[in-house]
Each structure stands twice: as structure tokens, then as C-alpha cells.
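What follows is protein_29.pdb (PDB, C-alpha atoms and all ligand atoms).
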```
MODEL        1
ATOM      1  CA  MET A   1       7.706  -7.324  15.117  1.00  0.00           C
ATOM      2  CA  SER A   2       6.380 -10.440  13.357  1.00  0.00           C
ATOM      3  CA  GLU A   3       5.897 -10.727   9.630  1.00  0.00           C
ATOM      4  CA  SER A   4       2.815 -12.779   8.864  1.00  0.00           C
ATOM      5  CA  ALA A   5       2.679 -14.453   5.462  1.00  0.00           C
ATOM      6  CA  GLU A   6      -0.892 -13.244   5.202  1.00  0.00           C
ATOM      7  CA  LEU A   7      -0.248  -9.660   6.240  1.00  0.00           C
ATOM      8  CA  VAL A   8       2.937  -9.207   4.208  1.00  0.00           C
ATOM      9  CA  ARG A   9       2.518 -10.181   0.578  1.00  0.00           C
ATOM     10  CA  TRP A  10       5.104  -9.111  -1.958  1.00  0.00           C
ATOM     11  CA  VAL A  11       4.789  -9.548  -5.706  1.00  0.00           C
ATOM     12  CA  GLU A  12       8.036  -9.776  -7.655  1.00  0.00           C
ATOM     13  CA  PHE A  13       7.720  -8.216 -11.106  1.00  0.00           C
ATOM     14  CA  ASN A  14       9.190  -9.814 -14.180  1.00  0.00           C
ATOM     15  CA  PRO A  15      12.041  -7.596 -15.403  1.00  0.00           C
ATOM     16  CA  LEU A  16      11.565  -6.739 -19.090  1.00  0.00           C
ATOM     17  CA  GLY A  17      14.520  -4.410 -19.410  1.00  0.00           C
ATOM     18  CA  ASP A  18      17.282  -4.741 -21.937  1.00  0.00           C
ATOM     19  CA  GLU A  19      20.455  -2.895 -22.865  1.00  0.00           C
ATOM     20  CA  ARG A  20      18.392   0.296 -23.254  1.00  0.00           C
ATOM     21  CA  GLY A  21      17.200   0.322 -19.655  1.00  0.00           C
ATOM     22  CA  GLU A  22      14.630  -1.162 -17.306  1.00  0.00           C
ATOM     23  CA  LEU A  23      10.979  -1.911 -17.908  1.00  0.00           C
ATOM     24  CA  VAL A  24       8.322  -3.398 -15.651  1.00  0.00           C
ATOM     25  CA  ALA A  25       4.738  -4.123 -16.721  1.00  0.00           C
ATOM     26  CA  ILE A  26       1.939  -4.765 -14.236  1.00  0.00           C
ATOM     27  CA  GLU A  27      -1.246  -6.344 -15.559  1.00  0.00           C
ATOM     28  CA  GLY A  28      -4.402  -6.384 -13.468  1.00  0.00           C
ATOM     29  CA  GLY A  29      -5.611  -9.890 -12.683  1.00  0.00           C
ATOM     30  CA  GLU A  30      -2.293 -11.323 -13.898  1.00  0.00           C
ATOM     31  CA  THR A  31       0.734  -9.758 -12.239  1.00  0.00           C
ATOM     32  CA  ILE A  32      -1.374  -8.709  -9.278  1.00  0.00           C
ATOM     33  CA  PRO A  33      -4.483 -10.567  -8.065  1.00  0.00           C
ATOM     34  CA  PHE A  34      -7.085  -7.901  -8.854  1.00  0.00           C
ATOM     35  CA  ASN A  35      -8.261  -5.736 -11.698  1.00  0.00           C
ATOM     36  CA  ILE A  36      -6.938  -2.197 -11.626  1.00  0.00           C
ATOM     37  CA  GLN A  37      -9.608   0.518 -11.412  1.00  0.00           C
ATOM     38  CA  ARG A  38      -7.414   3.358 -10.192  1.00  0.00           C
ATOM     39  CA  VAL A  39      -3.781   4.412 -10.239  1.00  0.00           C
ATOM     40  CA  TYR A  40      -2.343   7.171  -8.085  1.00  0.00           C
ATOM     41  CA  TYR A  41       1.103   8.199  -6.991  1.00  0.00           C
ATOM     42  CA  LEU A  42       2.555  10.103  -4.081  1.00  0.00           C
ATOM     43  CA  PHE A  43       5.651  12.229  -4.583  1.00  0.00           C
ATOM     44  CA  GLY A  44       7.211  15.555  -3.604  1.00  0.00           C
ATOM     45  CA  PHE A  45       7.216  14.622   0.071  1.00  0.00           C
ATOM     46  CA  LYS A  46       7.909  17.340   2.595  1.00  0.00           C
ATOM     47  CA  LYS A  47      10.551  16.555   5.223  1.00  0.00           C
ATOM     48  CA  SER A  48       9.576  14.154   8.056  1.00  0.00           C
ATOM     49  CA  VAL A  49       5.954  13.721   6.963  1.00  0.00           C
ATOM     50  CA  SER A  50       4.004  10.545   7.579  1.00  0.00           C
ATOM     51  CA  ARG A  51       0.893   9.529   5.660  1.00  0.00           C
ATOM     52  CA  GLY A  52      -1.831   6.938   5.686  1.00  0.00           C
ATOM     53  CA  TYR A  53      -3.225   6.302   9.176  1.00  0.00           C
ATOM     54  CA  HIS A  54      -6.256   4.537   7.813  1.00  0.00           C
ATOM     55  CA  ALA A  55      -7.635   1.204   6.674  1.00  0.00           C
ATOM     56  CA  HIS A  56     -10.054   0.404   3.879  1.00  0.00           C
ATOM     57  CA  ARG A  57     -13.162  -1.677   4.387  1.00  0.00           C
ATOM     58  CA  ALA A  58     -12.967  -3.348   0.976  1.00  0.00           C
ATOM     59  CA  LEU A  59     -10.250  -1.757  -1.147  1.00  0.00           C
ATOM     60  CA  GLN A  60      -7.237  -3.805  -2.207  1.00  0.00           C
ATOM     61  CA  GLN A  61      -4.076  -2.066  -3.280  1.00  0.00           C
ATOM     62  CA  THR A  62      -0.546  -2.718  -4.464  1.00  0.00           C
ATOM     63  CA  ALA A  63       2.148  -0.195  -3.548  1.00  0.00           C
ATOM     64  CA  VAL A  64       5.323   0.080  -5.610  1.00  0.00           C
ATOM     65  CA  CYS A  65       8.128   2.435  -4.728  1.00  0.00           C
ATOM     66  CA  VAL A  66       9.244   3.316  -8.259  1.00  0.00           C
ATOM     67  CA  SER A  67      11.892   5.763  -7.006  1.00  0.00           C
ATOM     68  CA  GLY A  68      13.616   6.314  -3.657  1.00  0.00           C
ATOM     69  CA  SER A  69      12.367   4.598  -0.523  1.00  0.00           C
ATOM     70  CA  CYS A  70       9.854   4.718   2.304  1.00  0.00           C
ATOM     71  CA  LYS A  71       8.650   2.606   5.205  1.00  0.00           C
ATOM     72  CA  MET A  72       5.201   1.028   5.323  1.00  0.00           C
ATOM     73  CA  ARG A  73       3.726  -0.128   8.603  1.00  0.00           C
ATOM     74  CA  LEU A  74       0.903  -2.639   8.275  1.00  0.00           C
ATOM     75  CA  ASP A  75      -1.411  -3.871  11.016  1.00  0.00           C
ATOM     76  CA  ASN A  76      -4.317  -6.304  10.646  1.00  0.00           C
ATOM     77  CA  GLY A  77      -5.315  -6.032  14.306  1.00  0.00           C
ATOM     78  CA  GLN A  78      -3.457  -9.214  15.210  1.00  0.00           C
ATOM     79  CA  GLU A  79      -0.060  -8.760  13.630  1.00  0.00           C
ATOM     80  CA  GLN A  80       2.068  -5.820  12.655  1.00  0.00           C
ATOM     81  CA  ALA A  81       4.900  -5.480  10.183  1.00  0.00           C
ATOM     82  CA  GLU A  82       7.179  -2.696   9.098  1.00  0.00           C
ATOM     83  CA  LEU A  83       8.462  -2.976   5.554  1.00  0.00           C
ATOM     84  CA  ILE A  84      10.941  -0.988   3.542  1.00  0.00           C
ATOM     85  CA  LEU A  85       9.794  -0.200   0.018  1.00  0.00           C
ATOM     86  CA  ASP A  86      12.800   0.658  -2.094  1.00  0.00           C
ATOM     87  CA  SER A  87      12.502  -1.282  -5.328  1.00  0.00           C
ATOM     88  CA  PRO A  88      10.546  -0.765  -8.563  1.00  0.00           C
ATOM     89  CA  HIS A  89      10.893  -4.519  -9.071  1.00  0.00           C
ATOM     90  CA  ARG A  90       8.382  -5.539  -6.453  1.00  0.00           C
ATOM     91  CA  GLY A  91       5.048  -4.475  -5.059  1.00  0.00           C
ATOM     92  CA  LEU A  92       3.457  -4.805  -1.640  1.00  0.00           C
ATOM     93  CA  LEU A  93      -0.113  -6.113  -1.686  1.00  0.00           C
ATOM     94  CA  ILE A  94      -2.298  -4.438   0.911  1.00  0.00           C
ATOM     95  CA  GLY A  95      -5.609  -6.190   1.447  1.00  0.00           C
ATOM     96  CA  SER A  96      -8.821  -4.849   2.885  1.00  0.00           C
ATOM     97  CA  MET A  97      -9.000  -4.165   6.622  1.00  0.00           C
ATOM     98  CA  VAL A  98      -5.311  -3.473   7.034  1.00  0.00           C
ATOM     99  CA  TRP A  99      -4.270  -0.344   8.910  1.00  0.00           C
ATOM    100  CA  ARG A 100      -1.365   1.352   7.098  1.00  0.00           C
ATOM    101  CA  GLU A 101       1.040   4.105   7.949  1.00  0.00           C
ATOM    102  CA  MET A 102       3.826   5.387   5.732  1.00  0.00           C
ATOM    103  CA  HIS A 103       6.967   7.014   7.106  1.00  0.00           C
ATOM    104  CA  GLU A 104      10.498   8.087   6.228  1.00  0.00           C
ATOM    105  CA  PHE A 105       9.960   9.016   2.603  1.00  0.00           C
ATOM    106  CA  SER A 106      13.200   9.840   0.837  1.00  0.00           C
ATOM    107  CA  SER A 107      13.122  13.171  -0.975  1.00  0.00           C
ATOM    108  CA  ASP A 108      13.160  11.340  -4.333  1.00  0.00           C
ATOM    109  CA  CYS A 109      10.438   8.861  -3.330  1.00  0.00           C
ATOM    110  CA  VAL A 110       7.671   8.201  -5.829  1.00  0.00           C
ATOM    111  CA  LEU A 111       5.120   5.746  -4.469  1.00  0.00           C
ATOM    112  CA  LEU A 112       2.845   4.264  -7.117  1.00  0.00           C
ATOM    113  CA  VAL A 113      -0.387   2.696  -5.901  1.00  0.00           C
ATOM    114  CA  LEU A 114      -2.682   0.438  -7.905  1.00  0.00           C
ATOM    115  CA  ALA A 115      -6.184   0.015  -6.522  1.00  0.00           C
ATOM    116  CA  ASP A 116      -9.109  -2.253  -7.370  1.00  0.00           C
ATOM    117  CA  GLN A 117     -11.790   0.396  -6.853  1.00  0.00           C
ATOM    118  CA  HIS A 118     -12.381   4.054  -7.546  1.00  0.00           C
ATOM    119  CA  HIS A 119     -11.881   6.517  -4.728  1.00  0.00           C
ATOM    120  CA  ASP A 120     -14.696   6.304  -2.172  1.00  0.00           C
ATOM    121  CA  GLU A 121     -14.361   8.148   1.132  1.00  0.00           C
ATOM    122  CA  SER A 122     -16.964   5.829   2.732  1.00  0.00           C
ATOM    123  CA  ASP A 123     -14.543   2.919   2.274  1.00  0.00           C
ATOM    124  CA  TYR A 124     -11.999   4.576   4.591  1.00  0.00           C
ATOM    125  CA  ILE A 125     -11.680   3.901   8.315  1.00  0.00           C
ATOM    126  CA  ARG A 126      -9.635   6.789   9.659  1.00  0.00           C
ATOM    127  CA  SER A 127      -9.821   6.022  13.384  1.00  0.00           C
ATOM    128  CA  TYR A 128      -7.724   3.161  14.789  1.00  0.00           C
ATOM    129  CA  ASP A 129     -10.326   2.500  17.491  1.00  0.00           C
ATOM    130  CA  GLU A 130     -13.043   2.193  14.860  1.00  0.00           C
ATOM    131  CA  PHE A 131     -10.758  -0.124  12.856  1.00  0.00           C
ATOM    132  CA  LEU A 132     -10.492  -2.462  15.869  1.00  0.00           C
ATOM    133  CA  GLU A 133     -14.248  -2.249  16.458  1.00  0.00           C
ATOM    134  CA  VAL A 134     -14.998  -3.221  12.848  1.00  0.00           C
ATOM    135  CA  LEU A 135     -12.539  -6.144  13.081  1.00  0.00           C
ATOM    136  CA  ASN A 136     -14.118  -7.345  16.326  1.00  0.00           C
ATOM    137  CA  ALA A 137     -17.605  -7.080  14.841  1.00  0.00           C
ATOM    138  CA  GLU A 138     -16.457  -9.261  11.910  1.00  0.00           C
ATOM    139  CA  GLU A 139     -15.322 -12.111  14.183  1.00  0.00           C
TER     140      GLU A 139
HETATM  141  P1  LIG A 201      -5.463   9.953   1.603  1.00  0.00           P
HETATM  142  O1  LIG A 201      -5.852   8.618   1.069  1.00  0.00           O
HETATM  143  O2  LIG A 201      -6.024  10.341   2.938  1.00  0.00           O
HETATM  144  O3  LIG A 201      -3.880  10.080   1.654  1.00  0.00           O
HETATM  145  P2  LIG A 201      -2.775   9.247   2.443  1.00  0.00           P
HETATM  146  O4  LIG A 201      -3.327   7.915   2.782  1.00  0.00           O
HETATM  147  O5  LIG A 201      -1.622   9.143   1.494  1.00  0.00           O
HETATM  148  O6  LIG A 201      -2.379   9.981   3.660  1.00  0.00           O
HETATM  149  O7  LIG A 201      -5.845  11.042   0.501  1.00  0.00           O
HETATM  150  C1  LIG A 201      -5.578  12.421   0.667  1.00  0.00           C
HETATM  151  C2  LIG A 201      -6.710  13.207   0.029  1.00  0.00           C
HETATM  152  O8  LIG A 201      -6.806  12.934  -1.369  1.00  0.00           O
HETATM  153  C3  LIG A 201      -8.071  12.873   0.624  1.00  0.00           C
HETATM  154  O9  LIG A 201      -8.819  14.068   0.714  1.00  0.00           O
HETATM  155  C4  LIG A 201      -8.727  11.977  -0.406  1.00  0.00           C
HETATM  156  C5  LIG A 201      -8.082  12.423  -1.707  1.00  0.00           C
HETATM  157  N1  LIG A 201      -7.936  11.309  -2.670  1.00  0.00           N
HETATM  158  C6  LIG A 201      -8.711  11.293  -3.814  1.00  0.00           C
HETATM  159  O10 LIG A 201      -9.550  12.171  -4.051  1.00  0.00           O
HETATM  160  N2  LIG A 201      -8.550  10.272  -4.698  1.00  0.00           N
HETATM  161  C7  LIG A 201      -7.661   9.279  -4.478  1.00  0.00           C
HETATM  162  O11 LIG A 201      -7.533   8.345  -5.314  1.00  0.00           O
HETATM  163  C8  LIG A 201      -6.864   9.316  -3.275  1.00  0.00           C
HETATM  164  C9  LIG A 201      -5.865   8.233  -2.973  1.00  0.00           C
HETATM  165  C10 LIG A 201      -7.042  10.357  -2.399  1.00  0.00           C
ENDMDL
END
```

Please rewrite the model in this file as C-alpha cells.
Amino acid sequence: MSESAELVRWVEFNPLGDERGELVAIEGGETIPFNIQRVYYLFGFKKSVSRGYHAHRALQQTAVCVSGSCKMRLDNGQEQAELILDSPHRGLLIGSMVWREMHEFSSDCVLLVLADQHHDESDYIRSYDEFLEVLNAEE
């Protein structure tokens, strides 16, 4: 599976920890390339569940696994990549029109997601066939 520089974009966070412990700060428009309108987090995963299976028409997000680990599969219609998220020190940027699936959550996984827009169901594409149709229409 290829890893395109465009599809797979990591942001390394500046560690601000000291002898008391670790600290990471993420500033919208600075640490990550968009302003943060929404924060959500996924946790308490049931065994063997997968999530995602959608793309967003416009939404940009950054996913940070602040505890535990999971796998993120990304697909922009041309290239696919499967990434392991297991560090609170870096985030995965997920642009618009990228199909994502999340698998293999560890029981202690906490996945923090920063998004540049409020929740809007009309921004979702939940069918892979429709995702490909929208991509083809954009060409
Ligand atoms: P969804 O994005 O489908 O979850 P996942 O991609 O992790 O499988 O969201 C699940 C449900 O929660 C869906 O009904 C939409 C709702 N939701 C909100 O209301 N606000 C949000 O910010 C998010 C992310 C989801």
C-alpha cells in the first residue's frame, strides 16, 4: 500500500513537558493548518469494532491518539494508506474528500479529533460509491 505525501500528513507536536510530566498544546491555525471549530473524542471502544466508513465534502480534521492505539485507513480515490496512531505527540491531518476507516482500537484508546467546522450531516458522504462519483465529478 503506497503512502502519498499528500494523503498522509502528520504534524509533530512540540513537547512542553517537564519533570512533572508531559504536556502538548495544539493551536488552531498555528500547530495545525486550520482554525478549530469543534473537538470530539472517541473512547470506550467495544471489542473488534470499526468506525468511520465515510468521507467529508469539506471538513478538515486532525486525529490524535492521546491514549492507546488504533489503525486509520485513508483513501483519496487514487491512493490508500493504513496508519497506526499510537502517540499523543503527533496528529494525522485528514483533508476533505478522504475516505476513512478506523480499526483495531486498543481498549485504552482515546482518539481526539479536532475539526474546522461544526457537525453537519450534509457534509458526510457515507457511501463509497458516492464518494467515487463525487471525486469523478470534480475532475
Ligand atoms: P460518526 O461521525 O458517524 O462516527 P464515526 O465516524 O466515528 O463512525 O458519528 C456518530 C454519530 O454521532 C452520528 O449520528 C453523528 C453524531 N455526531 C455528532 O452529532 N457530532 C459530532 O461532532 C460527531 C463527530 C458525530

Resolved residues for the PyMOL selection byres (((chain A and resi 124) around 8) and not hetatm) as a JSON list (two decimals) with C-alpha atoms, in the coordinates of the input:
```json
[["chain", "number", "residue", "atom", "x", "y", "z"],
["A", 54, "HIS", "CA", -6.26, 4.54, 7.81],
["A", 55, "ALA", "CA", -7.64, 1.20, 6.67],
["A", 56, "HIS", "CA", -10.05, 0.40, 3.88],
["A", 57, "ARG", "CA", -13.16, -1.68, 4.39],
["A", 120, "ASP", "CA", -14.70, 6.30, -2.17],
["A", 121, "GLU", "CA", -14.36, 8.15, 1.13],
["A", 122, "SER", "CA", -16.96, 5.83, 2.73],
["A", 123, "ASP", "CA", -14.54, 2.92, 2.27],
["A", 125, "ILE", "CA", -11.68, 3.90, 8.32],
["A", 126, "ARG", "CA", -9.64, 6.79, 9.66]]
```

Query - Test item: residues no farther than 10 Å from ligand LIG 201 (chain A), counting all atoms listed in the file, as a list in words - result: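 Checked against 10 Å with all atoms listed in the file; the hits are Arg38, Val39, Tyr40, Tyr41, Leu42, Phe43, Val49, Ser50, Arg51, Gly52, Tyr53, His54, Ala55, His56, Arg100, Glu101, Met102, Leu111, Val113, Leu114, Ala115, Gln117, His118, His119, Asp120, Glu121, Tyr124 and Arg126 of chain A.
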
In terms of all atoms listed in the file, the residue from A:Arg90, A:Arg9, A:Lys47, A:His103 at minimal distance from A:Ile26 is A:Arg90

- If you measure from atom CA of A:Glu133 to atom CA of A:Pro33, what distance in Å do you get, rounded to one decimal?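 Computed distance, atom CA of A:Glu133 to atom CA of A:Pro33, equals 27.7 Å.
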
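Using only C-alpha atoms, the smallest distance between any of A:Ile84, A:Leu59, A:Val8, A:Ile36 and A:Ser106 comes from A:Ile84.
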
(Q) Take the PyMOL selection byres (((chain A and resi 108) around 10) and not hetatm), run it mentally on this structure, and tell me the resulting residues as a ChimeraX atom specification. (A) /A:43-45,66-70,105-107,109-111

From atom CA of A:His89 to atom CA of A:Val11 the spacing works out at 8.6 Å

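The interatomic distance for the pair atom CA of A:Ala25 and atom CA of A:Phe13 works out to 7.6 Å.
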
Exercise for review: Write out as a PyMOL selection string each polymer residue whose atoms come within 12 Å of A:Val24, counting all atoms listed in the file; drop sequence neighbours fewer than 2 positions from it.
Suggested key: chain A and resi 12-18+21-22+26-27+31+64+66+87-91

Shortest contact to A:Tyr128, candidates A:Leu112, A:Asp75, A:Leu93, A:Glu82, atoms counted only C-alpha atoms, goes to A:Asp75

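Selection by the PyMOL selection byres (((chain A and resi 77) around 9) and not hetatm) on the present file picks out Asp75, Asn76, Gln78, Glu79, Gln80, Met97, Val98, Trp99, Phe131, Leu132 and Leu135 of chain A.
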
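Closest to A:Trp10 among A:Leu92, A:Ala58, A:Leu85, A:Val134 is A:Leu92, based on all atoms listed in the file.
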
Please return stretch 94-105 of chain A, rebuilt to all heavy atoms, as a PDB file, in the frame of the given file.
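Written out: rebuild_37.pdb:
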```pdb
ATOM      1  N   ILE A  94      -1.659  -4.860  -0.346  1.00  0.00           N
ATOM      2  CA  ILE A  94      -2.298  -4.438   0.911  1.00  0.00           C
ATOM      3  C   ILE A  94      -3.781  -4.748   0.781  1.00  0.00           C
ATOM      4  O   ILE A  94      -4.493  -4.136  -0.026  1.00  0.00           O
ATOM      5  CB  ILE A  94      -2.076  -2.936   1.182  1.00  0.00           C
ATOM      6  CG1 ILE A  94      -0.577  -2.594   1.094  1.00  0.00           C
ATOM      7  CG2 ILE A  94      -2.640  -2.557   2.550  1.00  0.00           C
ATOM      8  CD1 ILE A  94      -0.284  -1.103   1.157  1.00  0.00           C
ATOM      9  N   GLY A  95      -4.216  -5.740   1.544  1.00  0.00           N
ATOM     10  CA  GLY A  95      -5.609  -6.190   1.447  1.00  0.00           C
ATOM     11  C   GLY A  95      -6.551  -5.260   2.179  1.00  0.00           C
ATOM     12  O   GLY A  95      -6.153  -4.258   2.784  1.00  0.00           O
ATOM     13  N   SER A  96      -7.823  -5.623   2.148  1.00  0.00           N
ATOM     14  CA  SER A  96      -8.821  -4.849   2.885  1.00  0.00           C
ATOM     15  C   SER A  96      -8.602  -5.055   4.387  1.00  0.00           C
ATOM     16  O   SER A  96      -7.995  -6.043   4.819  1.00  0.00           O
ATOM     17  CB  SER A  96     -10.219  -5.304   2.488  1.00  0.00           C
ATOM     18  OG  SER A  96     -10.345  -6.685   2.724  1.00  0.00           O
ATOM     19  N   MET A  97      -9.080  -4.127   5.156  1.00  0.00           N
ATOM     20  CA  MET A  97      -9.000  -4.165   6.622  1.00  0.00           C
ATOM     21  C   MET A  97      -7.569  -4.338   7.133  1.00  0.00           C
ATOM     22  O   MET A  97      -7.288  -5.164   8.008  1.00  0.00           O
ATOM     23  CB  MET A  97      -9.930  -5.243   7.188  1.00  0.00           C
ATOM     24  CG  MET A  97     -11.404  -4.902   7.021  1.00  0.00           C
ATOM     25  SD  MET A  97     -11.847  -3.268   7.686  1.00  0.00           S
ATOM     26  CE  MET A  97     -11.629  -3.521   9.449  1.00  0.00           C
ATOM     27  N   VAL A  98      -6.687  -3.557   6.541  1.00  0.00           N
ATOM     28  CA  VAL A  98      -5.311  -3.473   7.034  1.00  0.00           C
ATOM     29  C   VAL A  98      -5.010  -2.003   7.300  1.00  0.00           C
ATOM     30  O   VAL A  98      -5.118  -1.164   6.402  1.00  0.00           O
ATOM     31  CB  VAL A  98      -4.303  -4.051   6.011  1.00  0.00           C
ATOM     32  CG1 VAL A  98      -2.864  -3.805   6.478  1.00  0.00           C
ATOM     33  CG2 VAL A  98      -4.542  -5.541   5.796  1.00  0.00           C
ATOM     34  N   TRP A  99      -4.674  -1.715   8.545  1.00  0.00           N
ATOM     35  CA  TRP A  99      -4.270  -0.344   8.910  1.00  0.00           C
ATOM     36  C   TRP A  99      -2.878  -0.096   8.338  1.00  0.00           C
ATOM     37  O   TRP A  99      -1.994  -0.937   8.454  1.00  0.00           O
ATOM     38  CB  TRP A  99      -4.257  -0.220  10.433  1.00  0.00           C
ATOM     39  CG  TRP A  99      -4.011   1.173  10.921  1.00  0.00           C
ATOM     40  CD1 TRP A  99      -2.826   1.684  11.314  1.00  0.00           C
ATOM     41  CD2 TRP A  99      -4.981   2.211  11.067  1.00  0.00           C
ATOM     42  NE1 TRP A  99      -2.994   2.993  11.693  1.00  0.00           N
ATOM     43  CE2 TRP A  99      -4.311   3.343  11.557  1.00  0.00           C
ATOM     44  CE3 TRP A  99      -6.356   2.295  10.833  1.00  0.00           C
ATOM     45  CZ2 TRP A  99      -4.960   4.548  11.822  1.00  0.00           C
ATOM     46  CZ3 TRP A  99      -7.009   3.487  11.099  1.00  0.00           C
ATOM     47  CH2 TRP A  99      -6.316   4.594  11.582  1.00  0.00           C
ATOM     48  N   ARG A 100      -2.683   1.055   7.668  1.00  0.00           N
ATOM     49  CA  ARG A 100      -1.365   1.352   7.098  1.00  0.00           C
ATOM     50  C   ARG A 100      -0.901   2.750   7.467  1.00  0.00           C
ATOM     51  O   ARG A 100      -1.702   3.693   7.566  1.00  0.00           O
ATOM     52  CB  ARG A 100      -1.334   1.140   5.568  1.00  0.00           C
ATOM     53  CG  ARG A 100      -1.781   2.265   4.655  1.00  0.00           C
ATOM     54  CD  ARG A 100      -3.296   2.469   4.620  1.00  0.00           C
ATOM     55  NE  ARG A 100      -4.068   1.257   4.530  1.00  0.00           N
ATOM     56  CZ  ARG A 100      -4.422   0.691   3.368  1.00  0.00           C
ATOM     57  NH1 ARG A 100      -4.103   1.266   2.240  1.00  0.00           N
ATOM     58  NH2 ARG A 100      -5.158  -0.392   3.378  1.00  0.00           N
ATOM     59  N   GLU A 101       0.385   2.812   7.706  1.00  0.00           N
ATOM     60  CA  GLU A 101       1.040   4.105   7.949  1.00  0.00           C
ATOM     61  C   GLU A 101       2.304   4.114   7.119  1.00  0.00           C
ATOM     62  O   GLU A 101       2.981   3.098   7.003  1.00  0.00           O
ATOM     63  CB  GLU A 101       1.420   4.249   9.431  1.00  0.00           C
ATOM     64  CG  GLU A 101       0.226   4.227  10.357  1.00  0.00           C
ATOM     65  CD  GLU A 101       0.647   4.194  11.829  1.00  0.00           C
ATOM     66  OE1 GLU A 101       1.846   4.365  12.116  1.00  0.00           O
ATOM     67  OE2 GLU A 101      -0.238   3.993  12.674  1.00  0.00           O
ATOM     68  N   MET A 102       2.613   5.261   6.551  1.00  0.00           N
ATOM     69  CA  MET A 102       3.826   5.387   5.732  1.00  0.00           C
ATOM     70  C   MET A 102       4.719   6.464   6.332  1.00  0.00           C
ATOM     71  O   MET A 102       4.239   7.543   6.698  1.00  0.00           O
ATOM     72  CB  MET A 102       3.447   5.757   4.301  1.00  0.00           C
ATOM     73  CG  MET A 102       2.730   4.638   3.569  1.00  0.00           C
ATOM     74  SD  MET A 102       1.831   5.241   2.138  1.00  0.00           S
ATOM     75  CE  MET A 102       0.319   5.793   2.895  1.00  0.00           C
ATOM     76  N   HIS A 103       6.001   6.130   6.452  1.00  0.00           N
ATOM     77  CA  HIS A 103       6.967   7.014   7.106  1.00  0.00           C
ATOM     78  C   HIS A 103       8.264   7.076   6.305  1.00  0.00           C
ATOM     79  O   HIS A 103       8.497   6.233   5.436  1.00  0.00           O
ATOM     80  CB  HIS A 103       7.329   6.463   8.494  1.00  0.00           C
ATOM     81  CG  HIS A 103       6.170   6.145   9.366  1.00  0.00           C
ATOM     82  ND1 HIS A 103       5.469   7.095  10.062  1.00  0.00           N
ATOM     83  CD2 HIS A 103       5.568   4.971   9.675  1.00  0.00           C
ATOM     84  CE1 HIS A 103       4.508   6.526  10.771  1.00  0.00           C
ATOM     85  NE2 HIS A 103       4.540   5.236  10.542  1.00  0.00           N
ATOM     86  N   GLU A 104       9.100   8.012   6.691  1.00  0.00           N
ATOM     87  CA  GLU A 104      10.498   8.087   6.228  1.00  0.00           C
ATOM     88  C   GLU A 104      10.626   8.055   4.698  1.00  0.00           C
ATOM     89  O   GLU A 104      11.407   7.286   4.133  1.00  0.00           O
ATOM     90  CB  GLU A 104      11.329   6.963   6.865  1.00  0.00           C
ATOM     91  CG  GLU A 104      11.426   7.121   8.375  1.00  0.00           C
ATOM     92  CD  GLU A 104      12.283   6.057   9.044  1.00  0.00           C
ATOM     93  OE1 GLU A 104      13.315   5.653   8.468  1.00  0.00           O
ATOM     94  OE2 GLU A 104      11.918   5.637  10.157  1.00  0.00           O
ATOM     95  N   PHE A 105       9.850   8.903   4.063  1.00  0.00           N
ATOM     96  CA  PHE A 105       9.960   9.016   2.603  1.00  0.00           C
ATOM     97  C   PHE A 105      11.276   9.705   2.247  1.00  0.00           C
ATOM     98  O   PHE A 105      11.603  10.760   2.808  1.00  0.00           O
ATOM     99  CB  PHE A 105       8.820   9.878   2.054  1.00  0.00           C
ATOM    100  CG  PHE A 105       7.454   9.318   2.315  1.00  0.00           C
ATOM    101  CD1 PHE A 105       6.688   9.778   3.377  1.00  0.00           C
ATOM    102  CD2 PHE A 105       6.920   8.335   1.484  1.00  0.00           C
ATOM    103  CE1 PHE A 105       5.413   9.266   3.618  1.00  0.00           C
ATOM    104  CE2 PHE A 105       5.648   7.822   1.720  1.00  0.00           C
ATOM    105  CZ  PHE A 105       4.898   8.288   2.792  1.00  0.00           C
TER     106      PHE A 105
END
```
